[in-house]
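Peer 1: What follows is query.pdb, made up of PDB, C-alpha atoms, pLDDT in the B column:
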ATOM      1  CA  MET D   1     -38.015 -27.179 -42.515  1.00 69.00           C
ATOM      2  CA  THR D   2     -37.615 -29.942 -39.962  1.00 75.00           C
ATOM      3  CA  GLY D   3     -33.858 -29.865 -40.665  1.00 77.00           C
ATOM      4  CA  PHE D   4     -33.779 -26.163 -39.778  1.00 77.00           C
ATOM      5  CA  ILE D   5     -35.759 -26.698 -36.571  1.00 81.00           C
ATOM      6  CA  GLY D   6     -33.451 -29.569 -35.654  1.00 79.00           C
ATOM      7  CA  LEU D   7     -30.424 -27.338 -36.257  1.00 82.00           C
ATOM      8  CA  VAL D   8     -31.920 -24.582 -34.084  1.00 79.00           C
ATOM      9  CA  LEU D   9     -32.670 -27.089 -31.302  1.00 82.00           C
ATOM     10  CA  VAL D  10     -29.106 -28.471 -31.421  1.00 81.00           C
ATOM     11  CA  ALA D  11     -27.674 -24.918 -31.322  1.00 81.00           C
ATOM     12  CA  PHE D  12     -29.963 -24.067 -28.399  1.00 80.00           C
ATOM     13  CA  ALA D  13     -28.962 -27.238 -26.549  1.00 82.00           C
ATOM     14  CA  CYS D  14     -25.269 -26.392 -27.107  1.00 79.00           C
ATOM     15  CA  PHE D  15     -25.862 -22.872 -25.837  1.00 78.00           C
ATOM     16  CA  VAL D  16     -27.625 -24.162 -22.691  1.00 76.00           C
ATOM     17  CA  LEU D  17     -24.859 -26.711 -22.089  1.00 78.00           C
ATOM     18  CA  VAL D  18     -22.118 -24.074 -22.419  1.00 78.00           C
ATOM     19  CA  PHE D  19     -24.106 -21.717 -20.171  1.00 74.00           C
ATOM     20  CA  PHE D  20     -24.386 -24.299 -17.382  1.00 75.00           C
ATOM     21  CA  ILE D  21     -20.723 -25.280 -17.661  1.00 73.00           C
ATOM     22  CA  LYS D  22     -19.636 -21.630 -17.401  1.00 72.00           C
ATOM     23  CA  GLN D  23     -21.962 -21.009 -14.444  1.00 70.00           C
ATOM     24  CA  ARG D  24     -20.473 -24.008 -12.654  1.00 69.00           C
ATOM     25  CA  GLN D  25     -16.955 -22.747 -13.340  1.00 65.00           C
ATOM     26  CA  TYR D  26     -17.759 -19.292 -11.942  1.00 64.00           C
ATOM     27  CA  ARG D  27     -19.002 -20.863  -8.717  1.00 67.00           C
ATOM     28  CA  HIS D  28     -15.661 -22.587  -8.196  1.00 67.00           C
ATOM     29  CA  PRO D  29     -14.064 -21.319  -4.948  1.00 68.00           C
ATOM     30  CA  ALA D  30     -10.789 -20.445  -6.677  1.00 65.00           C
ATOM     31  CA  LEU D  31     -12.602 -18.009  -8.969  1.00 67.00           C
ATOM     32  CA  ARG D  32     -14.928 -16.669  -6.306  1.00 70.00           C
ATOM     33  CA  MET D  33     -12.119 -15.838  -3.860  1.00 74.00           C
ATOM     34  CA  PRO D  34      -8.847 -15.689  -5.846  1.00 75.00           C
ATOM     35  CA  TYR D  35      -6.604 -14.679  -2.921  1.00 79.00           C
ATOM     36  CA  GLN D  36      -3.790 -16.124  -0.867  1.00 83.00           C
ATOM     37  CA  LEU D  37      -1.296 -14.912   1.705  1.00 88.00           C
ATOM     38  CA  LYS D  38       1.632 -13.062   0.237  1.00 86.00           C
ATOM     39  CA  HIS D  39       4.918 -14.876   0.869  1.00 86.00           C
ATOM     40  CA  PRO D  40       7.176 -13.371   1.977  1.00 90.00           C
ATOM     41  CA  PHE D  41       5.359 -10.423   3.527  1.00 88.00           C
ATOM     42  CA  PHE D  42       8.642  -8.516   3.817  1.00 88.00           C
ATOM     43  CA  GLN D  43      11.453  -8.453   1.315  1.00 90.00           C
ATOM     44  CA  PRO D  44      14.829  -9.327   2.896  1.00 90.00           C
ATOM     45  CA  SER D  45      15.903  -5.661   2.895  1.00 89.00           C
ATOM     46  CA  GLU D  46      12.660  -4.675   4.660  1.00 91.00           C
ATOM     47  CA  THR D  47      13.172  -7.377   7.274  1.00 92.00           C
ATOM     48  CA  GLU D  48      16.703  -6.141   7.888  1.00 92.00           C
ATOM     49  CA  LEU D  49      15.562  -2.519   8.220  1.00 93.00           C
ATOM     50  CA  LEU D  50      12.717  -3.488  10.565  1.00 93.00           C
ATOM     51  CA  ALA D  51      15.192  -5.209  12.874  1.00 93.00           C
ATOM     52  CA  LEU D  52      17.388  -2.093  12.838  1.00 92.00           C
ATOM     53  CA  LEU D  53      14.391   0.176  13.475  1.00 94.00           C
ATOM     54  CA  GLN D  54      13.332  -1.936  16.439  1.00 93.00           C
ATOM     55  CA  GLN D  55      16.733  -1.197  17.974  1.00 93.00           C
ATOM     56  CA  ALA D  56      17.196   2.393  16.794  1.00 92.00           C
ATOM     57  CA  ALA D  57      13.654   3.620  17.403  1.00 91.00           C
ATOM     58  CA  ASN D  58      12.610   1.596  20.431  1.00 88.00           C
ATOM     59  CA  ASP D  59      10.810   4.620  21.916  1.00 91.00           C
ATOM     60  CA  TYR D  60       8.353   4.525  18.985  1.00 95.00           C
ATOM     61  CA  LEU D  61       5.749   2.042  17.859  1.00 96.00           C
ATOM     62  CA  ILE D  62       6.779   0.833  14.394  1.00 97.00           C
ATOM     63  CA  LEU D  63       4.057   0.163  11.835  1.00 97.00           C
ATOM     64  CA  SER D  64       4.883  -1.260   8.439  1.00 96.00           C
ATOM     65  CA  LYS D  65       3.403  -0.852   4.975  1.00 95.00           C
ATOM     66  CA  VAL D  66       0.928   1.812   6.023  1.00 96.00           C
ATOM     67  CA  ARG D  67      -1.335   3.317   3.377  1.00 96.00           C
ATOM     68  CA  VAL D  68      -0.849   7.062   3.067  1.00 96.00           C
ATOM     69  CA  ALA D  69      -4.635   7.489   2.976  1.00 95.00           C
ATOM     70  CA  ASP D  70      -4.834   5.931   6.450  1.00 95.00           C
ATOM     71  CA  VAL D  71      -2.510   8.618   7.831  1.00 96.00           C
ATOM     72  CA  ILE D  72      -3.305  11.699   5.753  1.00 96.00           C
ATOM     73  CA  GLU D  73      -6.764  12.909   4.834  1.00 94.00           C
ATOM     74  CA  VAL D  74      -7.868  15.157   2.019  1.00 93.00           C
ATOM     75  CA  THR D  75      -9.108  18.532   3.201  1.00 89.00           C
ATOM     76  CA  ALA D  76     -12.408  19.968   2.067  1.00 81.00           C
ATOM     77  CA  ILE D  77     -12.381  20.698  -1.652  1.00 85.00           C
ATOM     78  CA  PRO D  78     -15.505  22.428  -2.970  1.00 85.00           C
ATOM     79  CA  ARG D  79     -15.777  20.382  -6.155  1.00 89.00           C
ATOM     80  CA  ARG D  80     -16.090  16.620  -6.258  1.00 89.00           C
ATOM     81  CA  ALA D  81     -13.723  15.867  -9.176  1.00 91.00           C
ATOM     82  CA  PRO D  82     -10.607  17.494  -7.614  1.00 91.00           C
ATOM     83  CA  TRP D  83     -11.423  15.783  -4.306  1.00 91.00           C
ATOM     84  CA  TYR D  84     -11.527  12.364  -5.991  1.00 92.00           C
ATOM     85  CA  GLN D  85      -8.263  13.121  -7.783  1.00 92.00           C
ATOM     86  CA  ALA D  86      -6.621  14.024  -4.473  1.00 92.00           C
ATOM     87  CA  VAL D  87      -7.952  10.884  -2.783  1.00 93.00           C
ATOM     88  CA  ASN D  88      -6.854   8.680  -5.668  1.00 93.00           C
ATOM     89  CA  ARG D  89      -3.325  10.103  -5.511  1.00 92.00           C
ATOM     90  CA  ILE D  90      -2.877   8.942  -1.937  1.00 94.00           C
ATOM     91  CA  SER D  91      -4.978   5.764  -2.009  1.00 93.00           C
ATOM     92  CA  ALA D  92      -2.381   3.535  -3.626  1.00 88.00           C
ATOM     93  CA  ALA D  93       0.669   5.119  -1.991  1.00 92.00           C
ATOM     94  CA  ARG D  94       2.136   3.695   1.196  1.00 94.00           C
ATOM     95  CA  PHE D  95       4.888   4.382   3.683  1.00 95.00           C
ATOM     96  CA  ASP D  96       7.357   1.548   4.166  1.00 95.00           C
ATOM     97  CA  PHE D  97       7.436   2.237   7.911  1.00 97.00           C
ATOM     98  CA  LEU D  98       5.655   4.687  10.177  1.00 97.00           C
ATOM     99  CA  LEU D  99       6.985   5.585  13.611  1.00 97.00           C
ATOM    100  CA  CYS D 100       4.218   6.484  16.053  1.00 96.00           C
ATOM    101  CA  ASP D 101       4.151   7.792  19.600  1.00 95.00           C
ATOM    102  CA  ARG D 102       3.674   4.789  21.891  1.00 93.00           C
ATOM    103  CA  GLU D 103       1.049   6.511  24.054  1.00 94.00           C
ATOM    104  CA  THR D 104      -1.010   8.591  21.614  1.00 95.00           C
ATOM    105  CA  LEU D 105      -0.274   6.595  18.445  1.00 95.00           C
ATOM    106  CA  GLU D 106       0.255   9.908  16.673  1.00 96.00           C
ATOM    107  CA  PRO D 107       2.470   9.535  13.578  1.00 97.00           C
ATOM    108  CA  ARG D 108       5.905  11.025  14.251  1.00 96.00           C
ATOM    109  CA  CYS D 109       7.979  10.027  11.242  1.00 96.00           C
ATOM    110  CA  ALA D 110       7.582   8.110   7.994  1.00 97.00           C
ATOM    111  CA  ILE D 111      10.411   6.035   6.567  1.00 96.00           C
ATOM    112  CA  GLU D 112      10.944   5.107   2.934  1.00 95.00           C
ATOM    113  CA  MET D 113      13.563   2.670   1.678  1.00 92.00           C
ATOM    114  CA  GLU D 114      14.174   4.412  -1.611  1.00 88.00           C
ATOM    115  CA  GLN D 115      15.964   7.581  -2.538  1.00 85.00           C
ATOM    116  CA  ALA D 116      14.056  10.654  -3.670  1.00 81.00           C
ATOM    117  CA  THR D 117      13.363  10.703  -7.386  1.00 84.00           C
ATOM    118  CA  GLU D 118      11.090  12.689  -9.618  1.00 84.00           C
ATOM    119  CA  ALA D 119       8.638   9.786  -9.609  1.00 75.00           C
ATOM    120  CA  ASN D 120       8.236   9.780  -5.833  1.00 86.00           C
ATOM    121  CA  ALA D 121       8.607  13.532  -5.244  1.00 91.00           C
ATOM    122  CA  PHE D 122       4.874  13.750  -4.510  1.00 93.00           C
ATOM    123  CA  LEU D 123       5.345  11.843  -1.261  1.00 94.00           C
ATOM    124  CA  ASP D 124       8.104  14.243  -0.185  1.00 94.00           C
ATOM    125  CA  GLU D 125       5.968  17.296  -0.918  1.00 94.00           C
ATOM    126  CA  LEU D 126       2.922  15.744   0.736  1.00 95.00           C
ATOM    127  CA  SER D 127       4.826  14.878   3.909  1.00 95.00           C
ATOM    128  CA  GLN D 128       6.279  18.359   4.093  1.00 94.00           C
ATOM    129  CA  THR D 129       2.842  19.934   3.589  1.00 94.00           C
ATOM    130  CA  VAL D 130       1.208  17.979   6.424  1.00 96.00           C
ATOM    131  CA  GLY D 131       4.217  18.301   8.732  1.00 95.00           C
ATOM    132  CA  LEU D 132       5.153  14.623   8.881  1.00 96.00           C
ATOM    133  CA  PRO D 133       8.911  14.123   8.636  1.00 96.00           C
ATOM    134  CA  LEU D 134       9.866  11.701   5.882  1.00 96.00           C
ATOM    135  CA  VAL D 135      13.194   9.906   6.125  1.00 95.00           C
ATOM    136  CA  ARG D 136      14.520   8.362   2.936  1.00 95.00           C
ATOM    137  CA  LEU D 137      17.153   5.722   3.505  1.00 93.00           C
ATOM    138  CA  SER D 138      19.548   4.505   0.841  1.00 89.00           C
ATOM    139  CA  PRO D 139      20.361   0.785   0.847  1.00 84.00           C
ATOM    140  CA  GLU D 140      23.719   1.568   2.480  1.00 86.00           C
ATOM    141  CA  THR D 141      22.208   3.785   5.183  1.00 87.00           C
ATOM    142  CA  ALA D 142      19.473   1.241   5.897  1.00 88.00           C
ATOM    143  CA  ARG D 143      22.128  -1.249   7.013  1.00 89.00           C
ATOM    144  CA  SER D 144      23.814   0.988   9.583  1.00 91.00           C
ATOM    145  CA  TYR D 145      22.367   1.355  13.074  1.00 92.00           C
ATOM    146  CA  THR D 146      24.188   4.651  13.603  1.00 93.00           C
ATOM    147  CA  ASP D 147      22.956   6.164  10.339  1.00 92.00           C
ATOM    148  CA  VAL D 148      19.373   5.009  10.856  1.00 94.00           C
ATOM    149  CA  ARG D 149      19.311   6.309  14.437  1.00 94.00           C
ATOM    150  CA  ALA D 150      20.818   9.663  13.381  1.00 93.00           C
ATOM    151  CA  ALA D 151      18.294  10.079  10.559  1.00 93.00           C
ATOM    152  CA  ILE D 152      15.368   9.388  12.911  1.00 94.00           C
ATOM    153  CA  VAL D 153      16.669  11.706  15.638  1.00 93.00           C
ATOM    154  CA  GLN D 154      17.267  14.491  13.124  1.00 93.00           C
ATOM    155  CA  ALA D 155      13.827  14.098  11.531  1.00 93.00           C
ATOM    156  CA  THR D 156      11.913  13.946  14.798  1.00 91.00           C
ATOM    157  CA  ALA D 157      13.894  16.609  16.694  1.00 89.00           C
ATOM    158  CA  ASP D 158      11.528  19.397  15.628  1.00 70.00           C
ATOM    159  CA  ARG D 159       8.383  17.454  16.540  1.00 64.00           C
ATOM    160  CA  GLN D 160       9.295  16.650  20.147  1.00 56.00           C
TER     161      GLN D 160
END
How does the structure come out when it is put into structure tokens?

Peer 2:
Amino acid sequence: MTGFIGLVLVAFACFVLVFFIKQRQYRHPALRMPYQLKHPFFQPSETELLALLQQAANDYLILSKVRVADVIEVTAIPRRAPWYQAVNRISAARFDFLLCDRETLEPRCAIEMEQATEANAFLDELSQTVGLPLVRLSPETARSYTDVRAAIVQATADRQ
């Protein structure tokens, strides 16, 4: 009987020891705040396009990596589940660049660095629905000042 009690006490002591070790590990700053700055913030192609946009669209304020949910809001939907589905669809999506009016900060044009595909067709349809021009630039177009400028002028011509 004393052997059993001794075994239970040893097991309990091991459990307490493991518990305290785990608690100490969870309080470690690296586990409490597991974040760091993302390096690089822009991919080289994004940096190149930003430089071109600063020249080609100097009459606009250029914002980068803007969440779609920060620009577009979900309209009133009577039931909660469809509303959450609509919000979730736009929460993770982002525009590579957003051109805004310098005075009012109103979004004028969104720019994406990838061609339209079936996977990203939602963003095209969404932009069309809310009346925000969406310019999709191919890697070749994104390297040409003339092409970038022409795409922006064409997309924003109707909104002026």

Peer 1: Work out how far apart CA of Glu103 (chain D) and CA of Ile90 (chain D) are and give it in Å to one decimal.

Peer 2: 26.4 Å

Peer 1: Give as a list in words the residues that the PyMOL selection byres ((chain D and resi 73) around 10) matches when applied to the coordinates above.

Peer 2: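 Checking the PyMOL selection byres ((chain D and resi 73) around 10) against this file, the residues are Val68, Ala69, Asp70, Val71, Ile72, Val74, Thr75, Ala76, Ala86, Val87, Ile90 and Val130 of chain D.
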
Peer 1: Specify as an NGL selection string each residue included when the PyMOL selection byres ((chain D and resi 149-157) around 7) is applied to this file.

Peer 2: :D and (56-57 or 108-109 or 133 or 135 or 145-148 or 158-160)

Peer 1: Pick from D:Ala92, D:Cys100, D:Ile62, D:Leu17: nearest to Leu123 (chain D), with all atoms listed in the file counted?

Peer 2: D:Ala92

Peer 1: Which residue is closest to Gln128 (chain D)? Choose from D:Phe95, D:Leu63, D:Ala110, D:Ile21 and count only C-alpha atoms.

Peer 2: D:Ala110

Peer 1: Interatomic distance between CA of Leu49 (chain D) and CA of Ser144 (chain D)?

Peer 2: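 CA of Leu49 (chain D) sits 9.1 Å away from CA of Ser144 (chain D).
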
Peer 1: State, in Å with one decimal place, the distance from CA of Leu105 (chain D) to CA of Leu37 (chain D).

Peer 2: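 Going from CA of Leu105 (chain D) over to CA of Leu37 (chain D) covers 27.3 Å.
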